[in-house]
>>> print(open('data_29.cif').read())   # mmCIF, C-alpha atoms
data_start
#
loop_
_atom_site.label_atom_id
_atom_site.label_comp_id
_atom_site.auth_asym_id
_atom_site.auth_seq_id
_atom_site.Cartn_x
_atom_site.Cartn_y
_atom_site.Cartn_z
CA MET A 1 -9.85 234.26 -100.65
CA ASP A 2 -13.62 234.25 -101.00
CA VAL A 3 -14.00 237.92 -100.11
CA ALA A 4 -11.27 238.82 -102.61
CA GLY A 5 -12.95 236.70 -105.29
CA LEU A 6 -9.96 234.38 -105.57
CA ASP A 7 -10.54 230.70 -106.19
CA CYS A 8 -6.90 229.56 -106.03
CA LEU A 9 -3.75 230.66 -104.23
CA CYS A 10 -0.09 229.83 -104.69
CA ILE A 11 1.65 229.06 -101.42
CA LEU A 12 5.43 229.13 -101.29
CA ALA A 13 7.86 227.14 -99.21
CA GLN A 14 10.77 229.15 -97.88
CA ASP A 15 14.04 227.30 -97.51
CA GLU A 16 17.00 229.65 -97.19
CA ARG A 17 18.71 227.55 -94.54
CA SER A 18 22.13 229.01 -95.37
CA VAL A 19 20.67 232.26 -93.99
CA TYR A 20 18.11 231.11 -91.40
CA THR A 21 19.70 227.74 -90.43
CA ARG A 22 16.48 225.83 -91.19
CA PRO A 23 13.53 226.19 -93.56
CA VAL A 24 11.07 228.87 -92.46
CA VAL A 25 8.38 226.92 -94.32
CA SER A 26 9.35 223.45 -95.50
CA ASN A 27 8.49 221.77 -98.78
CA ASP A 28 6.67 219.02 -96.91
CA GLU A 29 4.55 221.62 -95.10
CA VAL A 30 3.36 223.34 -98.27
CA ALA A 31 2.71 219.95 -99.85
CA ALA A 32 0.57 218.95 -96.87
CA LEU A 33 -1.30 222.26 -96.95
CA ARG A 34 -1.90 221.91 -100.68
CA ASP A 35 -3.11 218.32 -100.30
CA ALA A 36 -5.44 219.31 -97.46
CA ASN A 37 -6.98 222.11 -99.50
CA LYS A 38 -7.24 220.74 -103.03
CA PRO A 39 -7.95 222.27 -105.45
CA ARG A 40 -7.59 225.71 -103.92
CA PHE A 41 -3.83 225.79 -103.38
CA PHE A 42 -0.85 225.41 -105.67
CA ALA A 43 2.38 224.77 -103.78
CA PHE A 44 5.84 225.92 -104.81
CA ALA A 45 9.07 224.31 -103.67
CA SER A 46 11.94 226.24 -102.17
CA VAL A 47 15.47 224.83 -102.12
CA ASP A 48 18.63 226.52 -100.91
CA PRO A 49 21.19 226.17 -103.71
CA LYS A 50 24.04 226.67 -101.23
CA VAL A 51 23.23 223.39 -99.50
CA PRO A 52 24.97 220.23 -100.78
CA ASN A 53 22.81 217.97 -102.96
CA ALA A 54 20.23 220.71 -103.37
CA VAL A 55 19.15 219.47 -106.76
CA PHE A 56 18.18 216.08 -105.26
CA GLU A 57 15.83 217.88 -102.90
CA LEU A 58 14.34 219.73 -105.87
CA ARG A 59 13.79 216.42 -107.67
CA ARG A 60 12.12 215.05 -104.53
CA CYS A 61 9.84 218.08 -104.42
CA PHE A 62 8.67 217.43 -107.96
CA ASP A 63 8.72 213.64 -108.10
CA GLU A 64 7.52 212.72 -104.59
CA LEU A 65 5.71 215.79 -103.28
CA LYS A 66 4.35 216.74 -106.71
CA LEU A 67 4.94 220.41 -106.01
CA ASP A 68 3.81 222.78 -108.73
CA GLY A 69 6.95 224.83 -109.30
CA LEU A 70 10.05 226.35 -107.73
CA SER A 71 10.27 229.65 -105.87
CA LEU A 72 13.61 231.41 -105.46
CA ASN A 73 14.48 234.59 -103.59
CA CYS A 74 17.99 235.49 -104.68
CA SER A 75 18.02 238.67 -102.58
CA LYS A 76 17.65 236.63 -99.40
CA LEU A 77 20.07 233.99 -100.56
CA LYS A 78 22.47 236.66 -101.81
CA ILE A 79 23.14 234.66 -104.91
CA ASP A 80 23.33 235.84 -108.48
CA PRO A 81 20.61 234.23 -110.61
CA LEU A 82 23.37 233.24 -113.03
CA ASP A 83 25.40 231.48 -110.34
CA THR A 84 26.46 228.04 -111.58
CA ARG A 85 24.79 226.41 -108.54
CA LEU A 86 21.43 227.44 -109.98
CA ILE A 87 21.93 226.04 -113.45
CA ASP A 88 20.89 222.53 -112.34
CA PHE A 89 17.73 224.07 -110.87
CA TYR A 90 16.76 225.63 -114.17
CA GLU A 91 17.44 222.45 -116.10
CA THR A 92 15.49 220.40 -113.57
CA CYS A 93 12.49 222.71 -113.90
CA LEU A 94 12.75 222.46 -117.65
CA ASP A 95 13.07 218.69 -117.53
CA GLU A 96 10.08 218.38 -115.17
CA ASP A 97 8.05 221.01 -117.05
CA LYS A 98 7.70 223.11 -113.89
CA PRO A 99 7.66 226.92 -113.72
CA ILE A 100 10.02 228.99 -111.62
CA LEU A 101 9.06 232.07 -109.64
CA PHE A 102 11.74 234.64 -108.85
CA HIS A 103 11.39 237.35 -106.27
CA CYS A 104 12.05 240.37 -108.48
CA GLY A 105 12.65 244.06 -107.90
CA CYS A 106 12.61 245.69 -104.48
CA SER A 107 13.61 243.48 -101.58
CA TYR A 108 12.12 245.21 -98.61
CA GLU A 109 12.96 242.73 -95.88
CA ASN A 110 15.99 243.08 -93.64
CA ASN A 111 19.18 241.33 -94.63
CA THR A 112 18.32 241.28 -98.32
CA LEU A 113 20.00 242.92 -101.29
CA SER A 114 17.97 244.10 -104.27
CA GLU A 115 21.00 243.95 -106.57
CA TYR A 116 20.33 240.23 -106.98
CA THR A 117 16.74 240.73 -108.09
CA HIS A 118 16.96 243.38 -110.79
CA PRO A 119 14.86 242.16 -113.76
CA LEU A 120 17.83 242.30 -116.11
CA LYS A 121 19.50 239.66 -113.94
CA PHE A 122 16.98 237.21 -115.38
CA GLU A 123 17.30 238.02 -119.07
CA ARG A 124 20.09 235.56 -119.78
CA ILE A 125 18.04 232.77 -118.16
CA ALA A 126 15.02 233.64 -120.31
CA ALA A 127 17.20 233.73 -123.40
CA THR A 128 19.07 230.50 -122.59
CA TYR A 129 15.94 228.52 -121.70
CA PRO A 130 13.14 229.69 -124.00
CA ASN A 131 10.90 226.83 -122.85
CA LEU A 132 11.37 227.54 -119.16
CA ARG A 133 8.36 229.41 -117.78
CA ILE A 134 9.77 232.25 -115.66
CA GLY A 135 7.62 234.31 -113.30
CA LEU A 136 9.03 237.64 -112.14
CA GLU A 137 7.23 238.71 -108.99
CA HIS A 138 6.11 242.16 -107.87
CA PHE A 139 6.22 243.65 -111.38
CA GLY A 140 9.96 243.91 -110.76
CA TRP A 141 9.22 247.26 -109.13
CA PRO A 142 10.82 249.79 -109.31
CA TRP A 143 12.24 248.47 -112.59
CA VAL A 144 8.84 247.98 -114.19
CA LYS A 145 9.82 249.13 -117.68
CA GLU A 146 12.56 246.54 -117.65
CA THR A 147 9.98 243.85 -116.90
CA ALA A 148 7.86 245.15 -119.79
CA MET A 149 10.88 244.84 -122.05
CA LEU A 150 11.47 241.27 -120.90
CA MET A 151 7.83 240.30 -121.49
CA LEU A 152 7.92 241.92 -124.90
CA LYS A 153 11.07 240.10 -125.88
CA TYR A 154 10.54 236.72 -124.19
CA PRO A 155 7.15 234.99 -124.31
CA ASN A 156 8.32 232.62 -121.55
CA VAL A 157 8.55 235.55 -119.09
CA TYR A 158 5.52 236.26 -116.91
CA VAL A 159 5.10 239.03 -114.35
CA ASP A 160 2.84 239.13 -111.31
CA THR A 161 1.06 242.14 -109.86
CA GLY A 162 2.11 241.59 -106.24
CA ALA A 163 3.48 245.09 -105.91
CA LEU A 164 2.34 247.65 -103.37
CA TYR A 165 5.16 249.79 -102.08
CA PHE A 166 3.52 253.23 -101.95
CA ASP A 167 -0.04 254.54 -101.64
CA SER A 168 -3.24 252.51 -101.81
CA ALA A 169 -3.67 249.49 -104.04
CA LEU A 170 -5.69 251.45 -106.59
CA GLU A 171 -3.27 254.40 -106.58
CA PHE A 172 -0.22 252.18 -106.98
CA TYR A 173 -1.74 250.02 -109.70
CA SER A 174 -2.89 253.16 -111.51
CA TYR A 175 0.66 254.49 -111.36
CA ILE A 176 2.09 251.26 -112.81
CA PHE A 177 -0.57 250.58 -115.45
CA ASN A 178 -1.19 254.18 -116.52
CA HIS A 179 2.14 255.93 -116.03
CA GLU A 180 4.98 253.42 -116.02
CA TYR A 181 3.08 251.32 -118.56
CA GLN A 182 0.22 252.35 -120.79
CA LEU A 183 -3.01 250.39 -120.71
CA THR A 184 -2.53 249.90 -124.44
CA TRP A 185 0.77 248.12 -123.78
CA VAL A 186 -1.11 245.63 -121.67
CA GLU A 187 -4.17 245.33 -123.90
CA ARG A 188 -2.23 244.97 -127.14
CA SER A 189 1.01 243.27 -126.21
CA LEU A 190 1.36 241.98 -122.65
CA ARG A 191 -2.08 240.67 -121.77
CA HIS A 192 -1.02 237.01 -121.87
CA GLN A 193 1.95 237.44 -119.54
CA ILE A 194 0.65 239.36 -116.52
CA MET A 195 -0.77 237.36 -113.61
CA PHE A 196 -2.63 238.62 -110.59
CA GLY A 197 -0.54 238.32 -107.45
CA SER A 198 -0.96 239.92 -104.07
CA ASP A 199 2.17 238.75 -102.24
CA ASN A 200 1.67 239.44 -98.54
CA PRO A 201 -1.76 238.12 -97.58
CA ARG A 202 -1.79 240.00 -94.29
CA PHE A 203 -3.03 243.32 -95.63
CA GLU A 204 -4.01 243.93 -99.17
CA GLN A 205 -5.24 240.83 -100.95
CA ILE A 206 -8.83 242.02 -101.10
CA ARG A 207 -8.12 245.63 -102.03
CA MET A 208 -5.53 244.65 -104.68
CA ALA A 209 -7.96 242.25 -106.35
CA LYS A 210 -10.66 244.90 -106.43
CA ALA A 211 -8.26 247.65 -107.58
CA LEU A 212 -7.34 245.65 -110.66
CA ASP A 213 -10.98 245.76 -111.76
CA LYS A 214 -11.01 249.57 -111.69
CA LEU A 215 -8.09 250.33 -114.00
CA GLY A 216 -10.07 250.37 -117.21
CA LEU A 217 -8.77 247.07 -118.55
CA SER A 218 -11.08 245.14 -120.86
CA SER A 219 -12.99 242.25 -119.35
CA SER A 220 -11.14 239.74 -121.52
CA THR A 221 -7.77 241.06 -120.35
CA LEU A 222 -8.91 240.96 -116.73
CA GLU A 223 -9.94 237.35 -117.19
CA LEU A 224 -6.49 236.54 -118.52
CA ILE A 225 -4.71 238.36 -115.70
CA LYS A 226 -6.90 236.83 -113.03
CA GLY A 227 -6.98 233.31 -114.39
CA GLN A 228 -5.84 231.91 -117.68
CA ASN A 229 -2.32 233.35 -117.61
CA ALA A 230 -1.60 231.66 -114.29
CA ILE A 231 -3.01 228.40 -115.61
CA ASP A 232 -0.68 228.67 -118.60
CA PHE A 233 2.27 229.60 -116.39
CA LEU A 234 1.61 226.68 -114.06
CA GLY A 235 1.27 224.37 -117.02
CA VAL A 236 -1.87 222.75 -115.69
CA ASP A 237 -4.97 221.73 -117.51
CA ASP A 238 -7.83 223.76 -116.07
CA ASN A 239 -10.30 220.98 -116.72
CA VAL A 240 -8.15 218.38 -115.01
CA ARG A 241 -7.97 220.42 -111.83
CA SER A 242 -11.72 221.11 -111.98
CA HIS A 243 -11.43 224.54 -110.39
CA MET B 244 -12.97 243.26 -58.20
CA LEU B 245 -12.23 243.00 -61.88
CA GLU B 246 -12.81 239.91 -63.98
CA VAL B 247 -11.83 239.71 -67.64
CA ILE B 248 -13.27 237.19 -70.10
CA GLU B 249 -11.43 236.94 -73.41
CA LYS B 250 -13.41 236.01 -76.50
CA SER B 251 -12.37 235.25 -80.09
CA ILE B 252 -14.44 235.57 -83.21
CA LEU B 253 -13.80 234.65 -86.84
CA THR B 254 -15.26 237.31 -89.08
CA GLU B 255 -16.20 236.38 -92.63
CA LYS B 256 -16.58 239.63 -94.56
CA TYR B 257 -14.66 242.82 -95.31
CA ASN B 258 -17.25 244.83 -93.38
CA GLU B 259 -19.65 243.04 -91.10
CA MET B 260 -21.84 243.52 -88.02
CA ILE B 261 -22.04 240.49 -85.77
CA ASN B 262 -24.58 240.31 -82.97
CA ILE B 263 -22.69 239.05 -79.90
CA THR B 264 -25.40 239.67 -77.28
CA GLN B 265 -26.19 236.03 -76.67
CA ASP B 266 -22.50 235.12 -76.33
CA ILE B 267 -22.11 237.80 -73.67
CA LYS B 268 -25.17 236.63 -71.74
CA GLU B 269 -23.96 233.03 -71.82
CA GLU B 270 -20.53 234.02 -70.51
CA LEU B 271 -22.06 235.99 -67.65
CA GLU B 272 -24.29 233.04 -66.80
CA ARG B 273 -21.38 230.61 -67.00
CA HIS B 274 -19.34 232.76 -64.63
CA LYS B 275 -22.33 233.08 -62.26
CA ILE B 276 -21.99 236.83 -61.96
CA GLN B 277 -25.01 238.52 -60.39
CA GLU B 278 -24.19 242.21 -60.06
CA GLY B 279 -21.74 244.76 -61.38
CA PHE B 280 -20.87 246.80 -64.40
CA ILE B 281 -19.64 245.23 -67.58
CA THR B 282 -17.65 246.64 -70.45
CA ILE B 283 -17.43 244.92 -73.82
CA GLN B 284 -14.29 246.08 -75.59
CA THR B 285 -12.73 245.17 -78.91
CA MET B 286 -8.98 244.57 -78.88
CA HIS B 287 -8.35 245.97 -82.36
CA THR B 288 -8.18 249.35 -84.10
CA THR B 289 -10.07 248.35 -87.24
CA THR B 290 -13.10 246.92 -85.48
CA GLY B 291 -15.73 248.40 -83.22
CA ILE B 292 -18.35 247.66 -80.61
CA THR B 293 -21.75 249.30 -80.84
CA VAL B 294 -25.31 248.89 -79.57
CA ASN B 295 -28.32 249.02 -81.81
CA GLU B 296 -31.47 247.21 -82.82
CA SER B 297 -30.89 243.90 -84.54
CA LEU B 298 -32.54 244.48 -87.89
CA GLU B 299 -31.04 243.67 -91.27
CA CYS B 300 -32.24 246.98 -92.69
CA LEU B 301 -30.53 248.96 -89.94
CA GLU B 302 -27.33 246.99 -90.30
CA GLN B 303 -27.34 247.89 -94.00
CA ASP B 304 -28.09 251.55 -93.24
CA ILE B 305 -25.23 251.72 -90.75
CA GLU B 306 -22.85 250.10 -93.23
CA ASP B 307 -24.01 252.46 -95.99
CA LEU B 308 -23.58 255.50 -93.76
CA LEU B 309 -20.05 254.51 -92.76
CA SER B 310 -19.16 253.83 -96.39
CA GLN B 311 -20.41 257.28 -97.38
CA LEU B 312 -18.48 258.94 -94.57
CA VAL B 313 -15.35 256.90 -95.21
CA PRO B 314 -15.21 255.95 -98.91
CA GLU B 315 -12.66 253.39 -100.05
CA GLU B 316 -11.16 255.58 -102.74
CA LYS B 317 -9.75 258.62 -101.03
CA PRO B 318 -6.09 259.62 -100.72
CA TYR B 319 -5.63 258.57 -97.11
CA HIS B 320 -2.33 259.45 -95.41
CA HIS B 321 -2.25 255.95 -93.90
CA ALA B 322 -1.76 254.37 -97.35
CA ARG B 323 1.99 253.93 -97.04
CA MET B 324 4.65 251.38 -96.24
CA LEU B 325 4.86 250.61 -92.54
CA ARG B 326 8.45 249.62 -91.91
CA ASP B 327 7.73 247.74 -88.68
CA TYR B 328 5.09 245.64 -90.47
CA GLY B 329 7.16 245.24 -93.63
CA SER B 330 4.02 245.81 -95.63
CA THR B 331 1.81 248.55 -96.97
CA ALA B 332 -1.16 249.78 -94.98
CA GLY B 333 -4.28 250.10 -97.06
CA ASN B 334 -6.77 249.84 -94.25
CA ALA B 335 -7.31 253.51 -93.43
CA THR B 336 -11.04 253.01 -93.89
CA GLY B 337 -11.02 250.33 -91.20
CA HIS B 338 -9.29 252.61 -88.73
CA LEU B 339 -11.58 255.56 -89.47
CA LYS B 340 -14.77 253.50 -89.23
CA SER B 341 -13.50 252.11 -85.95
CA PHE B 342 -12.86 255.68 -84.77
CA ILE B 343 -16.45 256.64 -85.59
CA CYS B 344 -17.98 253.48 -84.16
CA GLY B 345 -16.06 253.40 -80.89
CA ASN B 346 -14.38 250.45 -79.27
CA HIS B 347 -16.61 249.54 -76.32
CA CYS B 348 -19.98 249.66 -74.63
CA HIS B 349 -21.15 249.43 -70.98
CA PHE B 350 -24.09 247.79 -69.23
CA ALA B 351 -25.14 247.31 -65.65
CA LEU B 352 -25.81 243.82 -64.36
CA LYS B 353 -28.41 243.22 -61.66
CA ASN B 354 -29.68 239.88 -60.34
CA GLY B 355 -27.77 238.14 -63.11
CA GLN B 356 -29.56 240.13 -65.82
CA LEU B 357 -28.13 242.80 -68.11
CA LEU B 358 -30.06 246.05 -67.85
CA MET B 359 -30.73 246.45 -71.55
CA GLY B 360 -33.56 248.05 -73.45
CA SER B 361 -35.75 245.60 -75.29
CA ALA B 362 -34.33 246.62 -78.67
CA GLN B 363 -30.72 246.89 -77.58
CA GLN B 364 -28.27 244.38 -78.95
CA VAL B 365 -24.47 244.40 -78.83
CA TYR B 366 -22.61 244.24 -82.11
CA PHE B 367 -19.02 243.40 -82.90
CA CYS B 368 -18.24 245.42 -86.02
CA GLU B 369 -15.62 244.27 -88.52
CA PHE B 370 -14.13 246.97 -90.75
CA ASP B 371 -11.13 245.18 -92.25
CA GLY B 372 -11.99 241.53 -92.41
CA PRO B 373 -12.16 238.70 -92.68
CA ALA B 374 -9.89 237.97 -89.73
CA LYS B 375 -9.62 236.30 -86.35
CA ARG B 376 -10.64 238.96 -83.84
CA ASN B 377 -10.65 239.28 -80.07
CA TYR B 378 -12.84 241.15 -77.66
CA THR B 379 -13.06 241.19 -73.89
CA ILE B 380 -15.88 241.26 -71.42
CA ILE B 381 -14.64 243.20 -68.42
CA ILE B 382 -16.72 242.79 -65.26
CA ASN B 383 -16.42 245.19 -62.35
CA THR B 384 -18.18 243.69 -59.33
CA ALA B 385 -16.87 246.14 -56.75
#
>>> encode(input="data_29.cif", output="structure tokens")
Amino acid sequence: MDVAGLDCLCILAQDERSVYTRPVVSNDEVAALRDANKPRFFAFASVDPKVPNAVFELRRCFDELKLDGLSLNCSKLKIDPLDTRLIDFYETCLDEDKPILFHCGCSYENNTLSEYTHPLKFERIAATYPNLRIGLEHFGWPWVKETAMLMLKYPNVYVDTGALYFDSALEFYSYIFNHEYQLTWVERSLRHQIMFGSDNPRFEQIRMAKALDKLGLSSSTLELIKGQNAIDFLGVDDNVRSH
Amino acid sequence: MLEVIEKSILTEKYNEMINITQDIKEELERHKIQEGFITIQTMHTTTGITVNESLECLEQDIEDLLSQLVPEEKPYHHARMLRDYGSTAGNATGHLKSFICGNHCHFALKNGQLLMGSAQQVYFCEFDGPAKRNYTIIINTA
């Protein structure tokens, strides 16, 4: 984190027990990691909607563990984001004023289906719950224009930059920001809804953070992408957390 | 006879030279080895082992030279999705710097002392850090 110039990270639980039989990373584990590393980590809950009483576990995550949001990977769960089992999740997040992060776009891992994570799958949620803060991960790549449309249309939709599927970090970001998007789109219209994200920490966190600086974005937009937008998305008071 | 000592190191920077000479000497002393040939070898492909004089200015010159030879922003073939890793490889510079640096060095050991020049120090070189890294001290006493 220090080498990449990052002062905070979001860590995600991973509970798709209907697929993997048990949580890969439990909610209690991310809560413990967050608590042991305050204020550097934000921790997101993960709850398998196919498990009975799932919404009670989500309430426990927010009320007892004080987790910072919900993370859902519908491509792993093979569940449509509009499935009725998820409606209680959305209303719980709204009720608790917690954001929700969706894996969005390409699902590279085995045993996943990208059809469940197309950006347009999330439009009805954004439209139905205008006060629900929705984070679409990985720019929704390869459907990045669709994510731009969603941001343009819905101010409650945020997108993160955790996308690196071809080429180097700088080359791939240049392709997204300069070819799929225009820098002017970001500077003039989308600058409050894009958040820095690196996804897999194993390889590219440092190079992705540095690549973002080299795209020609204004310093004020970079500050938003690397900080304030995430603070707004998380719904936390920056001063309270004393980062 | 071959003896292998495994060592771990936590690097702290993206590119970094870490003087490991004293660690090696302490391991040899702890294992009470008097004579033989030793090899210090990194276990990674984005790190290196080299021998040089321990001066901050030289460390900077070496880092600058490697950065000039292997700049970060070039269209490297390695910058692609690696299916087995499930992630994109952006660390071509680490591999190429490791290739230039080399992965090991040798010294003779006599009467419990490494036969080193007075300016010679052993460096573990990180080219894709920070990370937990491993290197081995291989001792041939035959």
>>> resolve_selection(input="data_29.cif", expression="the PyMOL selection byres ((chain A) within 12 of (chain B))", output="MDAnalysis selection string")
chainID A and resid 1:5 107:110 162:172 198:208 210:211 214
>>> resolve_selection(input="data_29.cif", expression="the PyMOL selection byres ((chain B and resi 282) around 7)", output="number ranges by chain")
B: 280-281, 283-284, 347-350, 380-382
>>> closest_residue(input="data_29.cif", among="B:Asn295, B:Gln265, B:Thr336, B:Thr289", to="Gln364 (chain B)", atoms="all atoms listed in the file")
B:Asn295
>>> residues_near_point(input="data_29.cif", point="(-14.9, 249.2, -83.6)", cutoff="6 Å", atoms="all atoms listed in the file", output="PyMOL selection string")
chain B and resi 290-292+341+344-346+368
>>> residues_around(input="data_29.cif", residues="Phe56 (chain A)", least_positions_apart="5", cutoff="12 Å", atoms="only C-alpha atoms", output="list in words")
Val47, Asp48, Pro49, Val51, Cys61, Phe62, Asp63, Glu64, Asp88, Phe89 and Thr92 of chain A
>>> atom_distance(input="data_29.cif", atom1="CA of Ile134 (chain A)", atom2="CA of Glu29 (chain A)")
23.7 Å
>>> resolve_selection(input="data_29.cif", expression="the PyMOL selection byres ((chain A and resi 70) around 8)", output="list in words")
Phe44, Ala45, Ser46, Val47, Asp68, Gly69, Ser71, Leu72, Cys93, Lys98, Pro99, Ile100 and Leu101 of chain A
>>> decode(input="data_29.cif", residues="region 259-344 of chain B", atoms="C-alpha atoms", output="PDB file, in the first residue's frame")
ATOM      1  CA  GLU B 259      15.640  -2.292  -3.797  1.00  0.00           C
ATOM      2  CA  MET B 260      19.153  -3.560  -3.062  1.00  0.00           C
ATOM      3  CA  ILE B 261      19.523  -5.255   0.304  1.00  0.00           C
ATOM      4  CA  ASN B 262      22.936  -6.083   1.700  1.00  0.00           C
ATOM      5  CA  ILE B 263      22.715  -9.670   3.002  1.00  0.00           C
ATOM      6  CA  THR B 264      26.428 -10.264   3.651  1.00  0.00           C
ATOM      7  CA  GLN B 265      26.163 -10.274   7.420  1.00  0.00           C
ATOM      8  CA  ASP B 266      23.195 -12.657   7.364  1.00  0.00           C
ATOM      9  CA  ILE B 267      25.208 -15.087   5.259  1.00  0.00           C
ATOM     10  CA  LYS B 268      28.231 -14.898   7.560  1.00  0.00           C
ATOM     11  CA  GLU B 269      26.060 -15.490  10.623  1.00  0.00           C
ATOM     12  CA  GLU B 270      24.438 -18.541   9.037  1.00  0.00           C
ATOM     13  CA  LEU B 271      27.820 -20.022   8.150  1.00  0.00           C
ATOM     14  CA  GLU B 272      29.032 -19.409  11.695  1.00  0.00           C
ATOM     15  CA  ARG B 273      25.859 -20.888  13.184  1.00  0.00           C
ATOM     16  CA  HIS B 274      26.266 -24.023  11.086  1.00  0.00           C
ATOM     17  CA  LYS B 275      29.964 -24.248  12.046  1.00  0.00           C
ATOM     18  CA  ILE B 276      31.104 -24.739   8.474  1.00  0.00           C
ATOM     19  CA  GLN B 277      34.843 -24.301   7.990  1.00  0.00           C
ATOM     20  CA  GLU B 278      35.612 -25.088   4.354  1.00  0.00           C
ATOM     21  CA  GLY B 279      33.843 -25.444   1.041  1.00  0.00           C
ATOM     22  CA  PHE B 280      32.220 -23.489  -1.719  1.00  0.00           C
ATOM     23  CA  ILE B 281      29.029 -21.575  -1.193  1.00  0.00           C
ATOM     24  CA  THR B 282      26.409 -20.385  -3.622  1.00  0.00           C
ATOM     25  CA  ILE B 283      23.854 -17.739  -2.723  1.00  0.00           C
ATOM     26  CA  GLN B 284      20.859 -18.104  -5.001  1.00  0.00           C
ATOM     27  CA  THR B 285      17.551 -16.270  -5.212  1.00  0.00           C
ATOM     28  CA  MET B 286      14.466 -18.445  -5.631  1.00  0.00           C
ATOM     29  CA  HIS B 287      12.568 -15.973  -7.808  1.00  0.00           C
ATOM     30  CA  THR B 288      12.611 -14.683 -11.389  1.00  0.00           C
ATOM     31  CA  THR B 289      12.053 -11.014 -10.578  1.00  0.00           C
ATOM     32  CA  THR B 290      14.878 -10.696  -8.067  1.00  0.00           C
ATOM     33  CA  GLY B 291      18.618 -11.056  -8.330  1.00  0.00           C
ATOM     34  CA  ILE B 292      21.811 -11.675  -6.412  1.00  0.00           C
ATOM     35  CA  THR B 293      24.866  -9.562  -7.107  1.00  0.00           C
ATOM     36  CA  VAL B 294      28.176  -8.548  -5.529  1.00  0.00           C
ATOM     37  CA  ASN B 295      29.341  -4.982  -5.295  1.00  0.00           C
ATOM     38  CA  GLU B 296      30.645  -2.333  -2.962  1.00  0.00           C
ATOM     39  CA  SER B 297      28.174  -1.217  -0.332  1.00  0.00           C
ATOM     40  CA  LEU B 298      27.831   2.468  -1.106  1.00  0.00           C
ATOM     41  CA  GLU B 299      24.584   4.381  -1.409  1.00  0.00           C
ATOM     42  CA  CYS B 300      25.840   6.189  -4.499  1.00  0.00           C
ATOM     43  CA  LEU B 301      26.651   2.937  -6.274  1.00  0.00           C
ATOM     44  CA  GLU B 302      23.327   1.417  -5.327  1.00  0.00           C
ATOM     45  CA  GLN B 303      21.641   4.438  -6.916  1.00  0.00           C
ATOM     46  CA  ASP B 304      23.837   4.210 -10.018  1.00  0.00           C
ATOM     47  CA  ILE B 305      23.015   0.527 -10.439  1.00  0.00           C
ATOM     48  CA  GLU B 306      19.304   1.206 -10.030  1.00  0.00           C
ATOM     49  CA  ASP B 307      19.490   4.107 -12.501  1.00  0.00           C
ATOM     50  CA  LEU B 308      21.372   2.004 -15.043  1.00  0.00           C
ATOM     51  CA  LEU B 309      18.851  -0.834 -14.839  1.00  0.00           C
ATOM     52  CA  SER B 310      15.980   1.630 -15.158  1.00  0.00           C
ATOM     53  CA  GLN B 311      17.556   3.123 -18.278  1.00  0.00           C
ATOM     54  CA  LEU B 312      18.123  -0.306 -19.800  1.00  0.00           C
ATOM     55  CA  VAL B 313      14.673  -1.561 -18.824  1.00  0.00           C
ATOM     56  CA  PRO B 314      12.256   1.400 -18.703  1.00  0.00           C
ATOM     57  CA  GLU B 315       8.821   0.900 -17.184  1.00  0.00           C
ATOM     58  CA  GLU B 316       6.933   2.213 -20.182  1.00  0.00           C
ATOM     59  CA  LYS B 317       7.769  -0.022 -23.092  1.00  0.00           C
ATOM     60  CA  PRO B 318       5.429  -2.393 -24.943  1.00  0.00           C
ATOM     61  CA  TYR B 319       6.668  -5.603 -23.352  1.00  0.00           C
ATOM     62  CA  HIS B 320       5.327  -8.899 -24.712  1.00  0.00           C
ATOM     63  CA  HIS B 321       4.921 -10.139 -21.139  1.00  0.00           C
ATOM     64  CA  ALA B 322       2.155  -7.583 -20.461  1.00  0.00           C
ATOM     65  CA  ARG B 323      -0.726  -9.979 -20.972  1.00  0.00           C
ATOM     66  CA  MET B 324      -3.201 -12.137 -19.117  1.00  0.00           C
ATOM     67  CA  LEU B 325      -1.621 -15.276 -17.703  1.00  0.00           C
ATOM     68  CA  ARG B 326      -4.394 -17.847 -17.594  1.00  0.00           C
ATOM     69  CA  ASP B 327      -2.717 -20.049 -14.997  1.00  0.00           C
ATOM     70  CA  TYR B 328      -2.328 -17.048 -12.668  1.00  0.00           C
ATOM     71  CA  GLY B 329      -5.764 -15.643 -13.462  1.00  0.00           C
ATOM     72  CA  SER B 330      -4.219 -12.212 -13.571  1.00  0.00           C
ATOM     73  CA  THR B 331      -2.329  -9.881 -15.840  1.00  0.00           C
ATOM     74  CA  ALA B 332       1.451  -9.806 -15.812  1.00  0.00           C
ATOM     75  CA  GLY B 333       2.857  -6.321 -15.709  1.00  0.00           C
ATOM     76  CA  ASN B 334       6.212  -7.185 -14.248  1.00  0.00           C
ATOM     77  CA  ALA B 335       8.286  -7.593 -17.401  1.00  0.00           C
ATOM     78  CA  THR B 336      10.761  -5.062 -16.030  1.00  0.00           C
ATOM     79  CA  GLY B 337      11.310  -7.252 -12.978  1.00  0.00           C
ATOM     80  CA  HIS B 338      12.056 -10.291 -15.099  1.00  0.00           C
ATOM     81  CA  LEU B 339      14.404  -8.405 -17.416  1.00  0.00           C
ATOM     82  CA  LYS B 340      16.321  -6.747 -14.587  1.00  0.00           C
ATOM     83  CA  SER B 341      16.652 -10.147 -12.956  1.00  0.00           C
ATOM     84  CA  PHE B 342      17.974 -11.520 -16.259  1.00  0.00           C
ATOM     85  CA  ILE B 343      20.627  -8.799 -16.380  1.00  0.00           C
ATOM     86  CA  CYS B 344      21.538  -9.053 -12.715  1.00  0.00           C
TER      87      CYS B 344
END
